[in-house]
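S.K.: Take this structure, written in structure tokens, and hold onto it; I'll ask about it next.
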Amino acid sequence: MRAEKIPVGILGATGIVGQRLIALLEDHPWFEVTEVAASDRSAGARYEEIVHWLLPSPIPERVRRLVVKDCAPPLDCRLVFSALPAEPAASVEPEFARAGYLVCSNASTHRLDPDVPLLIPEVNPEHLQALTHQRRRRGWERGFIVTNPNCSTIHLTLVLKPLMDRFGLRQVMVTTLQALSGAGYPGVTSLDIVDNVIPFIKNEEEKLETETRKLLGRWDGETFLFAPLRISAQCNRVPTLDGHLECVSLAFERTPTREELIEALATFASLPQRLQLPTAPSHPIVVREEADRPQPRLDRDVERGMASVVGRIRPCSILDYKMVILGHNTIRGAAGAALLNAELLVAQGWLS
Ligand code: NAP
């Protein structure tokens, strides 16, 4: 435990991801929430008056009475988590970075910028080397932007990483069944989604196909070189509340046995586990052997929502293997991902 906690702010604090961040930061050993900010519809009100709180746990005491600020510097903190929609993030996040704040963003806006790390601490911590280049290129002295991937991409990539390292990956086909909370609040209208599946989520397939290749690629000192991997994605919105399910088929450079494949997944651990970061799951990938798992309602909270759960691993008659991946979309897929990124930044001395 640190002597003094690091003050942090949350941009977009009234939304689904913002609320998850507030809940995850309650009693955090390193950080404390000192600022909450949202749109001008909410600014000026006390948090408890304006938020439509969606989580089962109560609003943490220290946040309840904070006055919601505008999403503009200065805020009384050094690090901000951004849970803003893509459009306001385009100007607000660079404004904070320019003003010296460390920005850990959930928004898609800057994920593919050539000098912005798209980070999963277990997958590509070395991409943080780009931050020195980002500061120099943009003339930012103390601040910077680090992003976390899209909610489906995080779980897919966590599972692909140990497989790519051990066996080489050639092709990935993925079909997602994505929960309603992934659409933000109020999200999809009930008359559209009850008794239904919507086979389209705007920009989602492109994000899965592109972000995964950036994450599994490398930083060459000047830019990111994307992994030469073929990925085809199809994305569907389904009437579950939390937890994205992904049906995946894979082709390898060297086809593993089923035992080798399971061993590679189940034993995967990386830098956050070695550093024992507070939000890191002890097992980032959990393998289930039952015929009917993983399931969103039963498995999304494994490892406090920070793990990807894999099951139904079996041969594929077109590619080599197929499997089902399940992950919590607003915890590891969003708020928990940004928090783990921030923990890695602190552990590596980027805040000092
Ligand atoms: P959301 O529920 O719609 O919340 C949006 C938040 O941003 C609210 O606090 C809202 O404040 C604020 N906001 C909206 N327009 C603004 C503006 N012009 N200026 C300042 N603040 C503004 O969205 P969400 O699901 O939490 O998602 C937040 C971000 O995370 C998005 O970029 C999303 O793509 C990304 N993300 C979401 C998930 C997920 O599973 N939900 C997963 C990964 C990434 P008011 O309440 O005042 O309107």
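Labels used: A, B, ... for chains in the order of the structure tokens, numbers from 1 for residues in each chain, and numbers from 1 for ligands as shown.
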Write down as a list in words the residues belonging to segment 52-169 of chain A that are assigned strand (DSSP E or B) by DSSP computed on the backbone.

M.R.: Val67, Lys69, Asp70, Leu79, Val80, Phe81, Ser82, Leu102, Val103, Cys104, Ser105, Leu118, Phe144, Ile145, Val146, Thr147 and Leu169 of chain A

S.K.: Do you know which residues are at most 12 Å from Glu290 of chain A counting only C-alpha atoms, after dropping those on the same chain fewer than 6 positions away, and could you put them as a PDB file with all heavy atoms, in the first residue's frame?

M.R.:
ATOM      1  N   VAL A 309     -12.807 -16.432 -20.314  1.00  0.00           N
ATOM      2  CA  VAL A 309     -13.115 -17.838 -20.036  1.00  0.00           C
ATOM      3  C   VAL A 309     -13.265 -18.558 -21.374  1.00  0.00           C
ATOM      4  O   VAL A 309     -14.000 -18.093 -22.253  1.00  0.00           O
ATOM      5  CB  VAL A 309     -14.404 -17.967 -19.197  1.00  0.00           C
ATOM      6  CG1 VAL A 309     -14.628 -19.415 -18.794  1.00  0.00           C
ATOM      7  CG2 VAL A 309     -14.325 -17.071 -17.957  1.00  0.00           C
ATOM      8  N   VAL A 310     -12.553 -19.680 -21.517  1.00  0.00           N
ATOM      9  CA  VAL A 310     -12.553 -20.408 -22.792  1.00  0.00           C
ATOM     10  C   VAL A 310     -13.113 -21.809 -22.576  1.00  0.00           C
ATOM     11  O   VAL A 310     -12.763 -22.474 -21.590  1.00  0.00           O
ATOM     12  CB  VAL A 310     -11.118 -20.545 -23.352  1.00  0.00           C
ATOM     13  CG1 VAL A 310     -11.142 -21.213 -24.720  1.00  0.00           C
ATOM     14  CG2 VAL A 310     -10.457 -19.189 -23.447  1.00  0.00           C
ATOM     15  N   GLY A 311     -13.958 -22.245 -23.475  1.00  0.00           N
ATOM     16  CA  GLY A 311     -14.491 -23.610 -23.392  1.00  0.00           C
ATOM     17  C   GLY A 311     -14.785 -24.137 -24.787  1.00  0.00           C
ATOM     18  O   GLY A 311     -14.505 -23.494 -25.797  1.00  0.00           O
ATOM     19  N   ARG A 312     -15.349 -25.360 -24.816  1.00  0.00           N
ATOM     20  CA  ARG A 312     -15.738 -26.019 -26.067  1.00  0.00           C
ATOM     21  C   ARG A 312     -14.570 -26.064 -27.073  1.00  0.00           C
ATOM     22  O   ARG A 312     -14.768 -25.833 -28.285  1.00  0.00           O
ATOM     23  CB  ARG A 312     -16.962 -25.324 -26.691  1.00  0.00           C
ATOM     24  CG  ARG A 312     -18.141 -25.214 -25.714  1.00  0.00           C
ATOM     25  CD  ARG A 312     -19.457 -25.398 -26.424  1.00  0.00           C
ATOM     26  NE  ARG A 312     -19.513 -26.694 -27.064  1.00  0.00           N
ATOM     27  CZ  ARG A 312     -20.034 -26.924 -28.284  1.00  0.00           C
ATOM     28  NH1 ARG A 312     -20.535 -25.936 -28.977  1.00  0.00           N
ATOM     29  NH2 ARG A 312     -20.042 -28.130 -28.782  1.00  0.00           N
ATOM     30  N   ILE A 313     -13.387 -26.390 -26.574  1.00  0.00           N
ATOM     31  CA  ILE A 313     -12.214 -26.457 -27.458  1.00  0.00           C
ATOM     32  C   ILE A 313     -12.274 -27.793 -28.203  1.00  0.00           C
ATOM     33  O   ILE A 313     -12.254 -28.862 -27.592  1.00  0.00           O
ATOM     34  CB  ILE A 313     -10.907 -26.353 -26.632  1.00  0.00           C
ATOM     35  CG1 ILE A 313     -10.872 -25.001 -25.907  1.00  0.00           C
ATOM     36  CG2 ILE A 313      -9.697 -26.535 -27.535  1.00  0.00           C
ATOM     37  CD1 ILE A 313      -9.757 -24.871 -24.895  1.00  0.00           C
ATOM     38  N   VAL A 324     -15.112 -21.437 -27.723  1.00  0.00           N
ATOM     39  CA  VAL A 324     -15.989 -20.341 -27.327  1.00  0.00           C
ATOM     40  C   VAL A 324     -15.279 -19.532 -26.235  1.00  0.00           C
ATOM     41  O   VAL A 324     -14.729 -20.107 -25.293  1.00  0.00           O
ATOM     42  CB  VAL A 324     -17.343 -20.876 -26.805  1.00  0.00           C
ATOM     43  CG1 VAL A 324     -18.207 -19.728 -26.307  1.00  0.00           C
ATOM     44  CG2 VAL A 324     -18.063 -21.645 -27.906  1.00  0.00           C
TER      45      VAL A 324
END

S.K.: Measuring atom to atom with only C-alpha atoms and all ligand atoms, identify which of A:Val159, A:Met173, A:Ala107, A:Leu344 is nearest to ligand 1.

M.R.: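 For ligand 1, the nearest of the given residues is A:Ala107.
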
S.K.: Counting only C-alpha atoms and all ligand atoms, what residues are within 6 Å of ligand 1, given as a PyMOL selection string?

M.R.: chain A and resi 12-18+38-39+41-42+71+83-86+88+106-108+150-151+181-185+329-330+333-334

S.K.: Select, from A:Leu21, A:Val248, A:Glu222, A:Cys104, the residue with the minimum atom-to-atom distance to Arg137 of chain A, counting only C-alpha atoms.

M.R.: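 Nearest candidate to Arg137 of chain A out of A:Leu21, A:Val248, A:Glu222, A:Cys104: A:Glu222.
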
S.K.: For Leu160 of chain A, which residue out of A:Val287, A:Val146, A:Ala264, A:Leu128 is the nearest one, using only C-alpha atoms?

M.R.: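 Smallest distance to Leu160 of chain A is found for A:Ala264.
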
S.K.: Find, counting only C-alpha atoms, the residue in A:Ser152, A:Thr223, A:Thr279, A:Gln273 that gets nearest to Phe31 of chain A.

M.R.: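 Selected residue with least distance to Phe31 of chain A: A:Thr279.
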
S.K.: Taking the DSSP assignment computed from this structure's backbone, write out as a PyMOL selection string all residues of segment 32-239 of chain A that belong to helix (DSSP H, G or I).

M.R.: chain A and resi 47-50+61-64+86-98+125-138+151-167+180-183+190-193+204-215

S.K.: For Gln129 of chain A, list every protein, DNA or RNA residue within 9 Å, evaluated using only C-alpha atoms, and leave out those in the same chain fewer than 6 positions away; present the list as a list in words.

M.R.: Pro117, Trp219 and Gly221 of chain A

S.K.: Please save N, CA and C atoms of the selected residues as a compact mmCIF listing (two decimals), in the first residue's frame.

M.R.:
# COMPACT_ATOMS: atom_id res chain seq x y z
N PRO A 117 -0.28 3.98 -27.78
CA PRO A 117 -0.35 2.56 -27.43
C PRO A 117 -1.80 2.11 -27.24
N TRP A 219 6.04 -2.44 -31.94
CA TRP A 219 6.48 -1.04 -32.05
C TRP A 219 7.90 -1.06 -32.59
N GLY A 221 9.90 1.61 -33.05
CA GLY A 221 10.65 2.82 -32.68
C GLY A 221 10.06 4.06 -33.31

S.K.: Residues at most 8 Å from Glu93 of chain A, counting only C-alpha atoms, excluding those fewer than 5 positions away in the same chain, as a ChimeraX atom specification?

M.R.: /A:82,103,105,145

S.K.: Those residues with C-alpha atoms, as a PDB file, in the first residue's frame please?

M.R.:
ATOM      1  CA  SER A  82     -11.813   8.557 -20.067  1.00  0.00           C
ATOM      2  CA  VAL A 103      -5.125   9.811 -20.005  1.00  0.00           C
ATOM      3  CA  SER A 105      -9.000   5.949 -22.465  1.00  0.00           C
ATOM      4  CA  ILE A 145      -2.835   9.061 -24.057  1.00  0.00           C
TER       5      ILE A 145
END

S.K.: Compile the contact shell of Pro296 of chain A as a VMD selection string: residues with an atom at most 9 Å away, counting only C-alpha atoms, same-chain residues fewer than 2 positions apart removed.

M.R.: chain A and resid 179 240 to 245 293 to 294 298 to 301 326 to 328

S.K.: For Gln171 of chain A, which residue out of A:Glu211, A:Asp113, A:Asp320, A:Arg314 is the nearest one, using only C-alpha atoms?

M.R.: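 Among the listed residues, A:Asp320 lies closest to Gln171 of chain A.
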
S.K.: With only C-alpha atoms as the basis for distance, which of A:Ala269, A:Leu118, A:Leu277, A:Ala43 is at the shortest distance from Phe226 of chain A?

M.R.: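 So, comparing all the options, the nearest one is A:Leu118.
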
S.K.: I'd like the neighbourhood of segment 254-259 of chain A as number ranges by chain, where a residue qualifies if any of its atoms comes within 9 Å (using only C-alpha atoms), though same-chain residues fewer than 2 positions away should be ignored.

M.R.: A: 166-169, 251-252, 261-264, 313-315, 320-321

S.K.: Mind giving me the straight-line distance from atom CA of Leu250 of chain A to atom CA of Arg170 of chain A in Å, one decimal?

M.R.: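 Atom CA of Arg170 of chain A lies 7.6 Å from atom CA of Leu250 of chain A.
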
S.K.: Quote the spacing between atom CA of Leu351 of chain A and atom CA of Glu87 of chain A in Å to one decimal place.

M.R.: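 These two atoms are separated by 26.9 Å.
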
S.K.: For Ala347 of chain A, work out the shell of residues within 10 Å, counting only C-alpha atoms and skipping chain neighbours fewer than 3 positions away, then give it as a PyMOL selection string.

M.R.: chain A and resi 272+275-277+341-344+350-351

S.K.: Go ahead and dump the residues you just picked, N, CA, C and O atoms, as a PDB file, in the first residue's frame.

M.R.:
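Full text of selection28.pdb as output:
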ATOM      1  N   PRO A 272       1.549  -8.339 -15.678  1.00  0.00           N
ATOM      2  CA  PRO A 272       0.700  -7.905 -14.551  1.00  0.00           C
ATOM      3  C   PRO A 272       0.665  -8.932 -13.426  1.00  0.00           C
ATOM      4  O   PRO A 272       0.565  -8.562 -12.257  1.00  0.00           O
ATOM      5  N   LEU A 275       4.080  -8.656 -11.630  1.00  0.00           N
ATOM      6  CA  LEU A 275       4.134  -7.422 -10.828  1.00  0.00           C
ATOM      7  C   LEU A 275       3.062  -7.399  -9.731  1.00  0.00           C
ATOM      8  O   LEU A 275       3.050  -6.496  -8.905  1.00  0.00           O
ATOM      9  N   GLN A 276       2.151  -8.367  -9.794  1.00  0.00           N
ATOM     10  CA  GLN A 276       1.024  -8.444  -8.842  1.00  0.00           C
ATOM     11  C   GLN A 276       0.263  -7.118  -8.783  1.00  0.00           C
ATOM     12  O   GLN A 276       0.021  -6.559  -7.702  1.00  0.00           O
ATOM     13  N   LEU A 277      -0.078  -6.616  -9.961  1.00  0.00           N
ATOM     14  CA  LEU A 277      -0.869  -5.378 -10.021  1.00  0.00           C
ATOM     15  C   LEU A 277      -2.220  -5.633  -9.340  1.00  0.00           C
ATOM     16  O   LEU A 277      -2.786  -6.722  -9.465  1.00  0.00           O
ATOM     17  N   ASN A 341      -4.331  -0.855 -17.106  1.00  0.00           N
ATOM     18  CA  ASN A 341      -3.355  -0.030 -17.845  1.00  0.00           C
ATOM     19  C   ASN A 341      -2.742   1.025 -16.923  1.00  0.00           C
ATOM     20  O   ASN A 341      -1.525   1.233 -16.917  1.00  0.00           O
ATOM     21  N   ALA A 342      -3.598   1.683 -16.132  1.00  0.00           N
ATOM     22  CA  ALA A 342      -3.096   2.732 -15.233  1.00  0.00           C
ATOM     23  C   ALA A 342      -2.165   2.140 -14.183  1.00  0.00           C
ATOM     24  O   ALA A 342      -1.139   2.733 -13.837  1.00  0.00           O
ATOM     25  N   GLU A 343      -2.510   0.971 -13.695  1.00  0.00           N
ATOM     26  CA  GLU A 343      -1.643   0.323 -12.693  1.00  0.00           C
ATOM     27  C   GLU A 343      -0.281   0.006 -13.287  1.00  0.00           C
ATOM     28  O   GLU A 343       0.759   0.190 -12.636  1.00  0.00           O
ATOM     29  N   LEU A 344      -0.265  -0.468 -14.522  1.00  0.00           N
ATOM     30  CA  LEU A 344       1.028  -0.765 -15.155  1.00  0.00           C
ATOM     31  C   LEU A 344       1.840   0.517 -15.343  1.00  0.00           C
ATOM     32  O   LEU A 344       3.050   0.544 -15.097  1.00  0.00           O
ATOM     33  N   TRP A 350       5.691   5.828 -14.897  1.00  0.00           N
ATOM     34  CA  TRP A 350       5.276   6.869 -15.843  1.00  0.00           C
ATOM     35  C   TRP A 350       4.603   8.050 -15.168  1.00  0.00           C
ATOM     36  O   TRP A 350       4.441   9.111 -15.786  1.00  0.00           O
ATOM     37  N   LEU A 351       4.204   7.880 -13.903  1.00  0.00           N
ATOM     38  CA  LEU A 351       3.518   8.987 -13.221  1.00  0.00           C
ATOM     39  C   LEU A 351       4.510   9.945 -12.577  1.00  0.00           C
ATOM     40  O   LEU A 351       4.177  11.089 -12.268  1.00  0.00           O
TER      41      LEU A 351
END
